[in-house]
Amino acid sequence: MFAVPPLDVAAALRTLVLTLDLLGTFVFALSGAVAGVRRRLDLFGVLVLSFVAANSGGIVRDLLIGATPPAAIRDWRYLAVSLLAGALMFFWYPVIKRLRHPVLLFDAAGLALFCVAGAQKALVFGLEPVMAALLGMLTGVGGGVARDVLLSEIPAVLRAEIYAVAALAGASVVVAGAALGLPSTASACAGAALCFGLRLAAIRYDWHLPVARASAQAAADADAAERR
């Protein structure tokens, strides 16, 4: 009989977080690059936007939990994945644009991957469950916020269909799975699927959180300012 080597749980968790992080980086970089191409940025602008969209959330997460320097500027793979996605989108955009709403699709996928990766990494660093879920949400929405700010748009998290709530739901599944002692991979897949499904359903059925009421004149002024 061959002896089965003991499973290094900590190493397995680190590998899972890295895999989810890199996948999320690639997908969010695609969303940033698509937005840049649509705004007719040059190649350098598209690559910058793809890196910012892909890594802003992870950088903020790492700074908050003390994982410094942040992985996005310490590990060359994050830069390589971001630039690869940006270059692919810049040169292959005519193929990608056949998809319906490619920015929203890639953004939803990146949101799902990052919210679970952020929650997993927060748990690895010993954060409490509630804070780990909130940090997972922050990791998910950070890249989209940075992308929209650079393009002079209101961030999607403040105006779009269910967005941050979907990220929080996905991160909460990861945290709940860890509390119940469930396999981390299964919890991560379930959390990502829930987040992605909620986001797509919100886009499809136009689900929104309650919107602040304003007078007719205030609403007209806001519409006029948005059209400028």
# chains A, B, ... in the order shown; residues from 1 in each chain; ligands from 1
$ residues_around --residues "Leu134 (chain A)" --least-positions-apart "5" --cutoff "12 Å" --atoms "only C-alpha atoms" --output "PyMOL selection string"
chain A and resi 61+64+115-116+118-120+122-123+127-129+139-141+164-175
$ write_last_selection --atoms "N, CA and C atoms" --output "PDB file, in the first residue's frame"
ATOM      1  N   ARG A  61      -8.215  45.534  -1.768  1.00  0.00           N
ATOM      2  CA  ARG A  61      -8.373  44.413  -0.831  1.00  0.00           C
ATOM      3  C   ARG A  61      -7.065  44.097  -0.120  1.00  0.00           C
ATOM      4  N   LEU A  64      -6.043  46.668   2.449  1.00  0.00           N
ATOM      5  CA  LEU A  64      -6.865  46.659   3.651  1.00  0.00           C
ATOM      6  C   LEU A  64      -6.531  45.503   4.586  1.00  0.00           C
ATOM      7  N   CYS A 115     -15.578  38.474  -6.234  1.00  0.00           N
ATOM      8  CA  CYS A 115     -16.227  38.525  -4.915  1.00  0.00           C
ATOM      9  C   CYS A 115     -15.891  37.269  -4.106  1.00  0.00           C
ATOM     10  N   VAL A 116     -15.813  36.114  -4.758  1.00  0.00           N
ATOM     11  CA  VAL A 116     -15.471  34.894  -4.010  1.00  0.00           C
ATOM     12  C   VAL A 116     -13.974  34.848  -3.706  1.00  0.00           C
ATOM     13  N   GLY A 118     -12.057  37.460  -3.203  1.00  0.00           N
ATOM     14  CA  GLY A 118     -11.829  38.417  -2.125  1.00  0.00           C
ATOM     15  C   GLY A 118     -12.244  37.875  -0.774  1.00  0.00           C
ATOM     16  N   ALA A 119     -13.395  37.209  -0.729  1.00  0.00           N
ATOM     17  CA  ALA A 119     -13.848  36.623   0.531  1.00  0.00           C
ATOM     18  C   ALA A 119     -12.912  35.505   0.996  1.00  0.00           C
ATOM     19  N   GLN A 120     -12.472  34.662   0.060  1.00  0.00           N
ATOM     20  CA  GLN A 120     -11.550  33.581   0.421  1.00  0.00           C
ATOM     21  C   GLN A 120     -10.241  34.134   0.980  1.00  0.00           C
ATOM     22  N   ALA A 122      -9.697  37.041   2.358  1.00  0.00           N
ATOM     23  CA  ALA A 122      -9.949  37.671   3.651  1.00  0.00           C
ATOM     24  C   ALA A 122     -10.024  36.623   4.760  1.00  0.00           C
ATOM     25  N   LEU A 123     -10.652  35.499   4.475  1.00  0.00           N
ATOM     26  CA  LEU A 123     -10.720  34.423   5.465  1.00  0.00           C
ATOM     27  C   LEU A 123      -9.338  33.839   5.749  1.00  0.00           C
ATOM     28  N   LEU A 127      -9.823  37.374   8.858  1.00  0.00           N
ATOM     29  CA  LEU A 127     -10.881  38.338   9.115  1.00  0.00           C
ATOM     30  C   LEU A 127     -12.145  37.650   9.608  1.00  0.00           C
ATOM     31  N   GLU A 128     -12.949  38.402  10.343  1.00  0.00           N
ATOM     32  CA  GLU A 128     -14.224  37.886  10.815  1.00  0.00           C
ATOM     33  C   GLU A 128     -15.162  37.661   9.628  1.00  0.00           C
ATOM     34  N   PRO A 129     -16.122  36.738   9.755  1.00  0.00           N
ATOM     35  CA  PRO A 129     -16.987  36.392   8.607  1.00  0.00           C
ATOM     36  C   PRO A 129     -17.691  37.581   7.962  1.00  0.00           C
ATOM     37  N   THR A 139     -13.944  43.854  -3.264  1.00  0.00           N
ATOM     38  CA  THR A 139     -13.036  43.359  -4.301  1.00  0.00           C
ATOM     39  C   THR A 139     -13.757  43.253  -5.640  1.00  0.00           C
ATOM     40  N   GLY A 140     -15.013  42.808  -5.603  1.00  0.00           N
ATOM     41  CA  GLY A 140     -15.763  42.647  -6.838  1.00  0.00           C
ATOM     42  C   GLY A 140     -16.111  43.954  -7.513  1.00  0.00           C
ATOM     43  N   VAL A 141     -16.494  44.961  -6.739  1.00  0.00           N
ATOM     44  CA  VAL A 141     -16.981  46.198  -7.356  1.00  0.00           C
ATOM     45  C   VAL A 141     -15.859  47.193  -7.650  1.00  0.00           C
ATOM     46  N   ALA A 164     -23.779  45.448  -6.426  1.00  0.00           N
ATOM     47  CA  ALA A 164     -23.050  45.173  -5.192  1.00  0.00           C
ATOM     48  C   ALA A 164     -23.760  44.116  -4.361  1.00  0.00           C
ATOM     49  N   VAL A 165     -25.090  44.104  -4.404  1.00  0.00           N
ATOM     50  CA  VAL A 165     -25.848  43.106  -3.653  1.00  0.00           C
ATOM     51  C   VAL A 165     -25.541  41.699  -4.168  1.00  0.00           C
ATOM     52  N   ALA A 166     -25.394  41.562  -5.487  1.00  0.00           N
ATOM     53  CA  ALA A 166     -25.042  40.258  -6.060  1.00  0.00           C
ATOM     54  C   ALA A 166     -23.659  39.825  -5.584  1.00  0.00           C
ATOM     55  N   ALA A 167     -22.704  40.778  -5.554  1.00  0.00           N
ATOM     56  CA  ALA A 167     -21.362  40.447  -5.072  1.00  0.00           C
ATOM     57  C   ALA A 167     -21.384  40.066  -3.599  1.00  0.00           C
ATOM     58  N   LEU A 168     -22.174  40.777  -2.802  1.00  0.00           N
ATOM     59  CA  LEU A 168     -22.275  40.463  -1.383  1.00  0.00           C
ATOM     60  C   LEU A 168     -22.898  39.084  -1.163  1.00  0.00           C
ATOM     61  N   ALA A 169     -23.882  38.741  -1.990  1.00  0.00           N
ATOM     62  CA  ALA A 169     -24.513  37.423  -1.875  1.00  0.00           C
ATOM     63  C   ALA A 169     -23.506  36.311  -2.189  1.00  0.00           C
ATOM     64  N   GLY A 170     -22.730  36.486  -3.256  1.00  0.00           N
ATOM     65  CA  GLY A 170     -21.734  35.480  -3.600  1.00  0.00           C
ATOM     66  C   GLY A 170     -20.668  35.330  -2.533  1.00  0.00           C
ATOM     67  N   ALA A 171     -20.189  36.471  -2.000  1.00  0.00           N
ATOM     68  CA  ALA A 171     -19.181  36.411  -0.937  1.00  0.00           C
ATOM     69  C   ALA A 171     -19.747  35.777   0.326  1.00  0.00           C
ATOM     70  N   SER A 172     -21.020  36.021   0.610  1.00  0.00           N
ATOM     71  CA  SER A 172     -21.647  35.450   1.810  1.00  0.00           C
ATOM     72  C   SER A 172     -21.727  33.934   1.726  1.00  0.00           C
ATOM     73  N   VAL A 173     -21.931  33.401   0.519  1.00  0.00           N
ATOM     74  CA  VAL A 173     -21.952  31.946   0.361  1.00  0.00           C
ATOM     75  C   VAL A 173     -20.591  31.353   0.714  1.00  0.00           C
ATOM     76  N   VAL A 174     -19.523  32.012   0.289  1.00  0.00           N
ATOM     77  CA  VAL A 174     -18.171  31.535   0.612  1.00  0.00           C
ATOM     78  C   VAL A 174     -17.948  31.545   2.122  1.00  0.00           C
ATOM     79  N   VAL A 175     -18.342  32.640   2.758  1.00  0.00           N
ATOM     80  CA  VAL A 175     -18.152  32.765   4.202  1.00  0.00           C
ATOM     81  C   VAL A 175     -18.989  31.726   4.953  1.00  0.00           C
TER      82      VAL A 175
END
$ select_by_dssp --residues "region 75-190 of chain A" --states "alpha helix (DSSP H)" --output "ChimeraX atom specification"
/A:76-96,102-124,129-150,156-159,164-179,184-190
$ closest_residue --among "A:Ala33, A:Ser56, A:Ala132, A:Ser82" --to "Ile96 (chain A)" --atoms "only C-alpha atoms"
A:Ala33
$ atom_distance --atom1 "CA of Gly36 (chain A)" --atom2 "CA of Phe106 (chain A)"
13.6 Å
$ closest_residue --among "A:Ala186, A:Leu18, A:Ala201, A:Leu151" --to "Arg38 (chain A)" --atoms "only C-alpha atoms"
A:Leu151
$ residues_around --residues "Gly110 (chain A)" --least-positions-apart "3" --cutoff "7 Å" --atoms "only C-alpha atoms" --output "list in words"
Gly24, Val27, Phe28, Phe106, Asp107, Leu113 and Phe114 of chain A
$ write_last_selection --atoms "N, CA and C atoms" --output "JSON list (two decimals), in the first residue's frame"
[["chain", "number", "residue", "atom", "x", "y", "z"],
["A", 24, "GLY", "N", -10.50, 36.10, -12.60],
["A", 24, "GLY", "CA", -11.22, 37.35, -12.48],
["A", 24, "GLY", "C", -10.47, 38.51, -13.12],
["A", 27, "VAL", "N", -10.99, 38.32, -16.93],
["A", 27, "VAL", "CA", -12.34, 38.67, -17.38],
["A", 27, "VAL", "C", -12.62, 40.15, -17.16],
["A", 28, "PHE", "N", -12.23, 40.70, -16.02],
["A", 28, "PHE", "CA", -12.44, 42.12, -15.79],
["A", 28, "PHE", "C", -11.59, 42.96, -16.73],
["A", 106, "PHE", "N", -18.92, 40.31, -19.48],
["A", 106, "PHE", "CA", -17.61, 40.14, -18.87],
["A", 106, "PHE", "C", -17.57, 40.74, -17.47],
["A", 107, "ASP", "N", -18.25, 41.86, -17.29],
["A", 107, "ASP", "CA", -18.29, 42.50, -15.98],
["A", 107, "ASP", "C", -18.96, 41.59, -14.95],
["A", 113, "LEU", "N", -16.24, 36.17, -9.98],
["A", 113, "LEU", "CA", -14.96, 35.57, -9.61],
["A", 113, "LEU", "C", -14.25, 36.36, -8.51],
["A", 114, "PHE", "N", -14.30, 37.69, -8.61],
["A", 114, "PHE", "CA", -13.59, 38.50, -7.65],
["A", 114, "PHE", "C", -14.25, 38.52, -6.28]]
$ residues_around --residues "Ala54 (chain A)" --least-positions-apart "2" --cutoff "9 Å" --atoms "only C-alpha atoms" --output "list in words"
Gly24, Thr25, Phe26, Val27, Phe28, Ala29, Leu30, Ser31, Gly32, Leu49, Ser50, Phe51, Val52, Ser56, Gly57, Gly58, Tyr78, Ser82, Gly110, Gly142, Gly143, Gly144 and Arg147 of chain A
$ write_last_selection --atoms "N, CA, C and O atoms" --output "PDB file, in the first residue's frame"
ATOM      1  N   GLY A  24     -10.496  36.097 -12.603  1.00  0.00           N
ATOM      2  CA  GLY A  24     -11.216  37.354 -12.479  1.00  0.00           C
ATOM      3  C   GLY A  24     -10.469  38.507 -13.118  1.00  0.00           C
ATOM      4  O   GLY A  24     -11.079  39.389 -13.745  1.00  0.00           O
ATOM      5  N   THR A  25      -9.156  38.518 -12.975  1.00  0.00           N
ATOM      6  CA  THR A  25      -8.334  39.563 -13.587  1.00  0.00           C
ATOM      7  C   THR A  25      -8.493  39.548 -15.102  1.00  0.00           C
ATOM      8  O   THR A  25      -8.678  40.603 -15.733  1.00  0.00           O
ATOM      9  N   PHE A  26      -8.440  38.379 -15.693  1.00  0.00           N
ATOM     10  CA  PHE A  26      -8.571  38.271 -17.149  1.00  0.00           C
ATOM     11  C   PHE A  26      -9.948  38.752 -17.618  1.00  0.00           C
ATOM     12  O   PHE A  26     -10.054  39.532 -18.569  1.00  0.00           O
ATOM     13  N   VAL A  27     -10.985  38.322 -16.933  1.00  0.00           N
ATOM     14  CA  VAL A  27     -12.338  38.668 -17.377  1.00  0.00           C
ATOM     15  C   VAL A  27     -12.623  40.147 -17.165  1.00  0.00           C
ATOM     16  O   VAL A  27     -13.190  40.816 -18.042  1.00  0.00           O
ATOM     17  N   PHE A  28     -12.226  40.698 -16.019  1.00  0.00           N
ATOM     18  CA  PHE A  28     -12.438  42.124 -15.785  1.00  0.00           C
ATOM     19  C   PHE A  28     -11.586  42.959 -16.734  1.00  0.00           C
ATOM     20  O   PHE A  28     -11.993  44.049 -17.159  1.00  0.00           O
ATOM     21  N   ALA A  29     -10.389  42.482 -17.076  1.00  0.00           N
ATOM     22  CA  ALA A  29      -9.567  43.186 -18.056  1.00  0.00           C
ATOM     23  C   ALA A  29     -10.267  43.233 -19.415  1.00  0.00           C
ATOM     24  O   ALA A  29     -10.190  44.240 -20.125  1.00  0.00           O
ATOM     25  N   LEU A  30     -10.960  42.153 -19.765  1.00  0.00           N
ATOM     26  CA  LEU A  30     -11.729  42.161 -21.012  1.00  0.00           C
ATOM     27  C   LEU A  30     -12.819  43.223 -20.973  1.00  0.00           C
ATOM     28  O   LEU A  30     -13.031  43.947 -21.958  1.00  0.00           O
ATOM     29  N   SER A  31     -13.507  43.349 -19.840  1.00  0.00           N
ATOM     30  CA  SER A  31     -14.574  44.350 -19.746  1.00  0.00           C
ATOM     31  C   SER A  31     -14.001  45.756 -19.856  1.00  0.00           C
ATOM     32  O   SER A  31     -14.586  46.629 -20.513  1.00  0.00           O
ATOM     33  N   GLY A  32     -12.854  45.997 -19.216  1.00  0.00           N
ATOM     34  CA  GLY A  32     -12.225  47.308 -19.331  1.00  0.00           C
ATOM     35  C   GLY A  32     -11.757  47.599 -20.743  1.00  0.00           C
ATOM     36  O   GLY A  32     -11.918  48.715 -21.248  1.00  0.00           O
ATOM     37  N   LEU A  49      -6.577  50.862 -19.320  1.00  0.00           N
ATOM     38  CA  LEU A  49      -7.920  50.651 -18.788  1.00  0.00           C
ATOM     39  C   LEU A  49      -8.143  49.191 -18.423  1.00  0.00           C
ATOM     40  O   LEU A  49      -8.795  48.891 -17.416  1.00  0.00           O
ATOM     41  N   SER A  50      -7.602  48.276 -19.205  1.00  0.00           N
ATOM     42  CA  SER A  50      -7.761  46.859 -18.885  1.00  0.00           C
ATOM     43  C   SER A  50      -7.047  46.519 -17.580  1.00  0.00           C
ATOM     44  O   SER A  50      -7.567  45.763 -16.747  1.00  0.00           O
ATOM     45  N   PHE A  51      -5.851  47.086 -17.358  1.00  0.00           N
ATOM     46  CA  PHE A  51      -5.131  46.810 -16.101  1.00  0.00           C
ATOM     47  C   PHE A  51      -5.854  47.420 -14.909  1.00  0.00           C
ATOM     48  O   PHE A  51      -6.000  46.779 -13.861  1.00  0.00           O
ATOM     49  N   VAL A  52      -6.311  48.651 -15.045  1.00  0.00           N
ATOM     50  CA  VAL A  52      -6.989  49.328 -13.933  1.00  0.00           C
ATOM     51  C   VAL A  52      -8.279  48.604 -13.567  1.00  0.00           C
ATOM     52  O   VAL A  52      -8.564  48.355 -12.390  1.00  0.00           O
ATOM     53  N   SER A  56      -7.818  47.000  -9.708  1.00  0.00           N
ATOM     54  CA  SER A  56      -8.091  48.001  -8.670  1.00  0.00           C
ATOM     55  C   SER A  56      -8.726  47.371  -7.437  1.00  0.00           C
ATOM     56  O   SER A  56      -8.340  47.663  -6.299  1.00  0.00           O
ATOM     57  N   GLY A  57      -9.721  46.516  -7.642  1.00  0.00           N
ATOM     58  CA  GLY A  57     -10.382  45.883  -6.504  1.00  0.00           C
ATOM     59  C   GLY A  57      -9.433  45.024  -5.689  1.00  0.00           C
ATOM     60  O   GLY A  57      -9.448  45.055  -4.450  1.00  0.00           O
ATOM     61  N   GLY A  58      -8.587  44.251  -6.360  1.00  0.00           N
ATOM     62  CA  GLY A  58      -7.633  43.399  -5.658  1.00  0.00           C
ATOM     63  C   GLY A  58      -6.581  44.198  -4.906  1.00  0.00           C
ATOM     64  O   GLY A  58      -6.162  43.811  -3.807  1.00  0.00           O
ATOM     65  N   TYR A  78      -0.283  38.938 -12.959  1.00  0.00           N
ATOM     66  CA  TYR A  78      -1.440  39.833 -13.007  1.00  0.00           C
ATOM     67  C   TYR A  78      -1.290  40.847 -14.139  1.00  0.00           C
ATOM     68  O   TYR A  78      -2.236  41.108 -14.885  1.00  0.00           O
ATOM     69  N   SER A  82      -3.571  40.869 -17.605  1.00  0.00           N
ATOM     70  CA  SER A  82      -4.304  42.094 -17.941  1.00  0.00           C
ATOM     71  C   SER A  82      -3.936  42.591 -19.336  1.00  0.00           C
ATOM     72  O   SER A  82      -4.814  42.951 -20.132  1.00  0.00           O
ATOM     73  N   GLY A 110     -16.517  38.747 -14.126  1.00  0.00           N
ATOM     74  CA  GLY A 110     -15.441  39.234 -13.266  1.00  0.00           C
ATOM     75  C   GLY A 110     -15.925  39.521 -11.859  1.00  0.00           C
ATOM     76  O   GLY A 110     -15.235  39.221 -10.881  1.00  0.00           O
ATOM     77  N   GLY A 142     -14.675  46.997  -7.049  1.00  0.00           N
ATOM     78  CA  GLY A 142     -13.616  47.996  -7.175  1.00  0.00           C
ATOM     79  C   GLY A 142     -13.152  48.231  -8.599  1.00  0.00           C
ATOM     80  O   GLY A 142     -12.951  49.376  -9.016  1.00  0.00           O
ATOM     81  N   GLY A 143     -12.978  47.160  -9.370  1.00  0.00           N
ATOM     82  CA  GLY A 143     -12.499  47.322 -10.746  1.00  0.00           C
ATOM     83  C   GLY A 143     -13.489  48.059 -11.617  1.00  0.00           C
ATOM     84  O   GLY A 143     -13.111  48.920 -12.416  1.00  0.00           O
ATOM     85  N   GLY A 144     -14.775  47.731 -11.482  1.00  0.00           N
ATOM     86  CA  GLY A 144     -15.794  48.419 -12.271  1.00  0.00           C
ATOM     87  C   GLY A 144     -15.889  49.890 -11.929  1.00  0.00           C
ATOM     88  O   GLY A 144     -16.097  50.734 -12.805  1.00  0.00           O
ATOM     89  N   ARG A 147     -12.895  51.629 -13.572  1.00  0.00           N
ATOM     90  CA  ARG A 147     -13.110  51.710 -15.020  1.00  0.00           C
ATOM     91  C   ARG A 147     -14.076  52.827 -15.379  1.00  0.00           C
ATOM     92  O   ARG A 147     -13.811  53.640 -16.275  1.00  0.00           O
TER      93      ARG A 147
END
$ residues_around --residues "Thr185 (chain A)" --least-positions-apart "2" --cutoff "10 Å" --atoms "only C-alpha atoms" --output "mmCIF file with N, CA, C and O atoms, in the first residue's frame"
data_model
loop_
_atom_site.group_PDB
_atom_site.id
_atom_site.type_symbol
_atom_site.label_atom_id
_atom_site.label_comp_id
_atom_site.auth_asym_id
_atom_site.auth_seq_id
_atom_site.Cartn_x
_atom_site.Cartn_y
_atom_site.Cartn_z
ATOM 1 N N ALA A 12 -3.589 24.658 -0.478
ATOM 2 C CA ALA A 12 -4.714 24.492 -1.398
ATOM 3 C C ALA A 12 -5.568 25.753 -1.467
ATOM 4 O O ALA A 12 -6.010 26.159 -2.543
ATOM 5 N N LEU A 13 -5.783 26.406 -0.318
ATOM 6 C CA LEU A 13 -6.549 27.642 -0.300
ATOM 7 C C LEU A 13 -5.823 28.745 -1.053
ATOM 8 O O LEU A 13 -6.445 29.516 -1.800
ATOM 9 N N LEU A 16 -6.261 28.111 -4.712
ATOM 10 C CA LEU A 16 -7.618 28.437 -5.137
ATOM 11 C C LEU A 16 -7.795 29.940 -5.281
ATOM 12 O O LEU A 16 -8.353 30.423 -6.277
ATOM 13 N N VAL A 17 -7.319 30.706 -4.297
ATOM 14 C CA VAL A 17 -7.444 32.166 -4.349
ATOM 15 C C VAL A 17 -6.686 32.711 -5.561
ATOM 16 O O VAL A 17 -7.189 33.589 -6.277
ATOM 17 N N GLN A 120 -12.472 34.662 0.060
ATOM 18 C CA GLN A 120 -11.550 33.581 0.421
ATOM 19 C C GLN A 120 -10.241 34.134 0.980
ATOM 20 O O GLN A 120 -9.724 33.650 1.989
ATOM 21 N N VAL A 174 -19.523 32.012 0.289
ATOM 22 C CA VAL A 174 -18.171 31.535 0.612
ATOM 23 C C VAL A 174 -17.948 31.545 2.122
ATOM 24 O O VAL A 174 -17.427 30.582 2.704
ATOM 25 N N GLY A 177 -20.024 28.856 3.797
ATOM 26 C CA GLY A 177 -19.435 27.544 3.553
ATOM 27 C C GLY A 177 -18.244 27.284 4.445
ATOM 28 O O GLY A 177 -18.073 26.173 4.971
ATOM 29 N N LEU A 182 -17.562 23.387 4.862
ATOM 30 C CA LEU A 182 -17.725 22.806 3.527
ATOM 31 C C LEU A 182 -16.450 22.983 2.714
ATOM 32 O O LEU A 182 -15.646 23.885 3.002
ATOM 33 N N PRO A 183 -16.235 22.161 1.690
ATOM 34 C CA PRO A 183 -15.049 22.318 0.841
ATOM 35 C C PRO A 183 -15.004 23.714 0.225
ATOM 36 O O PRO A 183 -16.012 24.208 -0.272
ATOM 37 N N SER A 187 -17.778 25.825 -2.212
ATOM 38 C CA SER A 187 -18.351 27.095 -1.760
ATOM 39 C C SER A 187 -18.043 28.215 -2.747
ATOM 40 O O SER A 187 -18.906 29.053 -3.043
ATOM 41 N N ALA A 188 -16.812 28.225 -3.263
ATOM 42 C CA ALA A 188 -16.439 29.260 -4.218
ATOM 43 C C ALA A 188 -17.255 29.142 -5.507
ATOM 44 O O ALA A 188 -17.731 30.148 -6.045
ATOM 45 N N CYS A 189 -17.425 27.932 -5.998
ATOM 46 C CA CYS A 189 -18.213 27.738 -7.228
ATOM 47 C C CYS A 189 -19.672 28.133 -7.008
ATOM 48 O O CYS A 189 -20.281 28.786 -7.869
ATOM 49 N N ALA A 190 -20.231 27.758 -5.853
ATOM 50 C CA ALA A 190 -21.619 28.104 -5.559
ATOM 51 C C ALA A 190 -21.785 29.610 -5.420
ATOM 52 O O ALA A 190 -22.752 30.198 -5.929
ATOM 53 N N GLY A 191 -20.838 30.278 -4.743
ATOM 54 C CA GLY A 191 -20.914 31.728 -4.580
ATOM 55 C C GLY A 191 -20.787 32.456 -5.900
ATOM 56 O O GLY A 191 -21.524 33.406 -6.173
#
$ atom_distance --atom1 "CA of Leu158 (chain A)" --atom2 "CA of Asp21 (chain A)"
23.9 Å
$ atom_distance --atom1 "CA of Lys121 (chain A)" --atom2 "CA of Ile65 (chain A)"
9.0 Å
$ residues_around --residues "Leu83 (chain A)" --least-positions-apart "2" --cutoff "8 Å" --atoms "only C-alpha atoms" --output "list of chain:residue names"
A:Ala29, A:Leu47, A:Ser50, A:Phe51, A:Leu79, A:Ala80, A:Val81, A:Ala85, A:Gly86, A:Ala87
$ closest_residue --among "A:Ala67, A:Val37, A:Leu22, A:Leu194" --to "Trp92 (chain A)" --atoms "only C-alpha atoms"
A:Val37
$ closest_residue --among "A:Val103, A:Ala193, A:Arg199, A:Leu150" --to "Gly45 (chain A)" --atoms "only C-alpha atoms"
A:Leu150
$ closest_residue --among "A:Gly66, A:Val60, A:Val124, A:Met89" --to "Met137 (chain A)" --atoms "only C-alpha atoms"
A:Val60
$ closest_residue --among "A:Leu111, A:Pro70, A:Ile162, A:Val149" --to "Tyr205 (chain A)" --atoms "only C-alpha atoms"
A:Ile162
